[in-house]
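Shown next, in structure tokens, is the structure this report addresses.
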Amino acid sequence: SQQGEEDPQALSIQEGENATMNCSYKTSINNLQWYRQNSGRGLVHLILIRSNEREKHSGRLRVTLDTSKKSSSLLITASRAADTASYFCATAFPIQGAQKLVFGQGTRLTINP
Amino acid sequence: EPEVTQTPSHQVTQMGQEVILRCVPISNHLYFYWYRQILGQKVEFLVSFYNNEISEKSEIFDDQFSVERPDGSNFTLKIRSTKLEDSAMYFCASIWGGWNYEQYFGPGTRLTVT
């Protein structure tokens, strides 16, 4: 299976704390992308990290990629109530010159005020 | 900032009816996709479309499904005869280039088949 799997499935922390979510996958990838989804809403793109990159930052987000362990992590620092959402990693596989994404089950993050 | 748009946001239809879900990808993007998410489950790839033809489709994308880019802006997903199990959120996505680019998603259409 090409699936990415997130860990933990659910995470509840206090506002201001850091949240770390992990993603593991099974086969070689082009890149790995993280998305956020608020309940019942669309997928918001957060960060793309390519297979030759080890770490990327965007604001309060930090993503790491370890291709030898086939794993990635998303760190949200100084969490806010508005960060409450589900977070998905999606691994990108080449198809006919393009890419398709394979999503994990997601981590449901709850930030308590 | 350019974004992918989808209409309608919610569609209710009776089993056996045909539905067409519409998407307007980001204007300079070249590759287009449909994904679906059954309530409480993973987002699943359905089909990719490039240069006016399907480049890959999943096992879910059977003969009941079809895609079309009827003009320079719209990208549609048609389900010919809906089943109860087609109830899901359907997402359109687009990407500028083929490899190693961000895939941007629309807000989704919630399809409810009764």
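Each chain of the structure tokens is named A, B, ... in the order shown, its residues numbered from 1; ligands are numbered from 1 in display order.
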Give me the residues of chain A that have any atom at most 8 Å from an atom of chain B; for each, the nearest atom pair and the distance in Å, rounded to one decimal. Use only C-alpha atoms, sort by chain and number, and format it as a tab-separated table.
residue	atom	partner	partner_atom	distance
A:Asn30	CA	B:Asn100	CA	6.3
A:Asn31	CA	B:Asn100	CA	6.1
A:Gln33	CA	B:Glu102	CA	7.5
A:Arg41	CA	B:Pro107	CA	6.3
A:Gly42	CA	B:Pro107	CA	4.1
A:Leu43	CA	B:Phe105	CA	5.9
A:Val44	CA	B:Phe105	CA	7.0
A:His45	CA	B:Tyr104	CA	6.5
A:Leu48	CA	B:Glu102	CA	6.3
A:Arg50	CA	B:Asn100	CA	6.7
A:Pro94	CA	B:Trp99	CA	7.2
A:Ile95	CA	B:Glu56	CA	6.9
A:Gln96	CA	B:Ser55	CA	6.1
A:Gly97	CA	B:Gly98	CA	5.6
A:Ala98	CA	B:Gly98	CA	3.7
A:Gln99	CA	B:Trp99	CA	6.1
A:Lys100	CA	B:Phe45	CA	7.1
A:Leu101	CA	B:Phe45	CA	6.8
A:Val102	CA	B:Glu44	CA	6.9
A:Phe103	CA	B:Val43	CA	5.8
A:Gly104	CA	B:Lys42	CA	6.3
A:Gln105	CA	B:Lys42	CA	5.1
A:Gly106	CA	B:Lys42	CA	7.7
List every residue of segment 25-110 of chain A that DSSP, applied to the backbone of this structure, places in strand (DSSP E or B), and write the result as a count of residues only. 52
Which is closest to Glu53 of chain B among B:Glu68, B:Asp86, B:Glu18, B:Glu1, if we use only C-alpha atoms? B:Glu68
Pick out the residues sitting within 12 Å of Leu11 of chain A, and hand them over as a ChimeraX atom specification; count only C-alpha atoms, and ignore anything fewer than 3 positions along from it in its own chain. /A:6-8,14,17-22,83-87,106-112
Excluding Asp63 of chain B and its own-chain neighbours fewer than 5 positions away, which residues fall within 12 Å of it when counting only C-alpha atoms? Please give them as a list in words.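 Selected residues are Lys57, Ser58, Lys78, Ile79, Arg80, Ser81 and Thr82 of chain B.
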File of the preceding selection, N, CA, C and O atoms, as a PDB file, in the first residue's frame:
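Result written to part_12.pdb:
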ATOM      1  N   LYS B  57      -6.832   6.883 -13.451  1.00  0.00           N
ATOM      2  CA  LYS B  57      -8.048   6.801 -12.662  1.00  0.00           C
ATOM      3  C   LYS B  57      -7.927   5.674 -11.655  1.00  0.00           C
ATOM      4  O   LYS B  57      -7.179   4.722 -11.861  1.00  0.00           O
ATOM      5  N   SER B  58      -8.683   5.799 -10.574  1.00  0.00           N
ATOM      6  CA  SER B  58      -8.636   4.771  -9.538  1.00  0.00           C
ATOM      7  C   SER B  58      -9.714   3.719  -9.809  1.00  0.00           C
ATOM      8  O   SER B  58     -10.547   3.869 -10.713  1.00  0.00           O
ATOM      9  N   LYS B  78     -19.112  13.974 -13.744  1.00  0.00           N
ATOM     10  CA  LYS B  78     -20.481  13.495 -13.904  1.00  0.00           C
ATOM     11  C   LYS B  78     -20.588  12.101 -13.311  1.00  0.00           C
ATOM     12  O   LYS B  78     -19.739  11.242 -13.564  1.00  0.00           O
ATOM     13  N   ILE B  79     -21.638  11.913 -12.541  1.00  0.00           N
ATOM     14  CA  ILE B  79     -21.972  10.571 -12.063  1.00  0.00           C
ATOM     15  C   ILE B  79     -23.285  10.228 -12.744  1.00  0.00           C
ATOM     16  O   ILE B  79     -24.306  10.918 -12.540  1.00  0.00           O
ATOM     17  N   ARG B  80     -23.269   9.190 -13.547  1.00  0.00           N
ATOM     18  CA  ARG B  80     -24.396   8.931 -14.445  1.00  0.00           C
ATOM     19  C   ARG B  80     -25.639   8.470 -13.696  1.00  0.00           C
ATOM     20  O   ARG B  80     -26.732   8.951 -13.940  1.00  0.00           O
ATOM     21  N   SER B  81     -25.483   7.528 -12.793  1.00  0.00           N
ATOM     22  CA  SER B  81     -26.625   6.978 -12.071  1.00  0.00           C
ATOM     23  C   SER B  81     -26.202   6.805 -10.623  1.00  0.00           C
ATOM     24  O   SER B  81     -25.540   5.818 -10.271  1.00  0.00           O
ATOM     25  N   THR B  82     -26.541   7.771  -9.804  1.00  0.00           N
ATOM     26  CA  THR B  82     -25.992   7.809  -8.453  1.00  0.00           C
ATOM     27  C   THR B  82     -26.497   6.661  -7.583  1.00  0.00           C
ATOM     28  O   THR B  82     -27.634   6.204  -7.714  1.00  0.00           O
TER      29      THR B  82
END
Rounded to one decimal place, report the atom CA of His10 of chain B-atom CA of Phe75 of chain B distance in Å.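 About the pair atom CA of His10 of chain B and atom CA of Phe75 of chain B: they are 17.2 Å apart.
Distance annotation: of A:Gly40, A:Glu5, A:Thr67, A:Trp34, the residue with the minimal separation from Gln37 of chain B is A:Gly40; atom set is only C-alpha atoms.
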Would you mind listing what lies within 8 Å of Thr7 of chain B as a ChimeraX atom specification, with only C-alpha atoms counted and same-chain residues fewer than 2 positions away left out? /B:5,9-10,21-23,109
Using only C-alpha atoms, the best pick from A:Asn52, A:His57, A:Ser24, A:Ile47 as closest to Ser72 of chain A would be A:Ser24
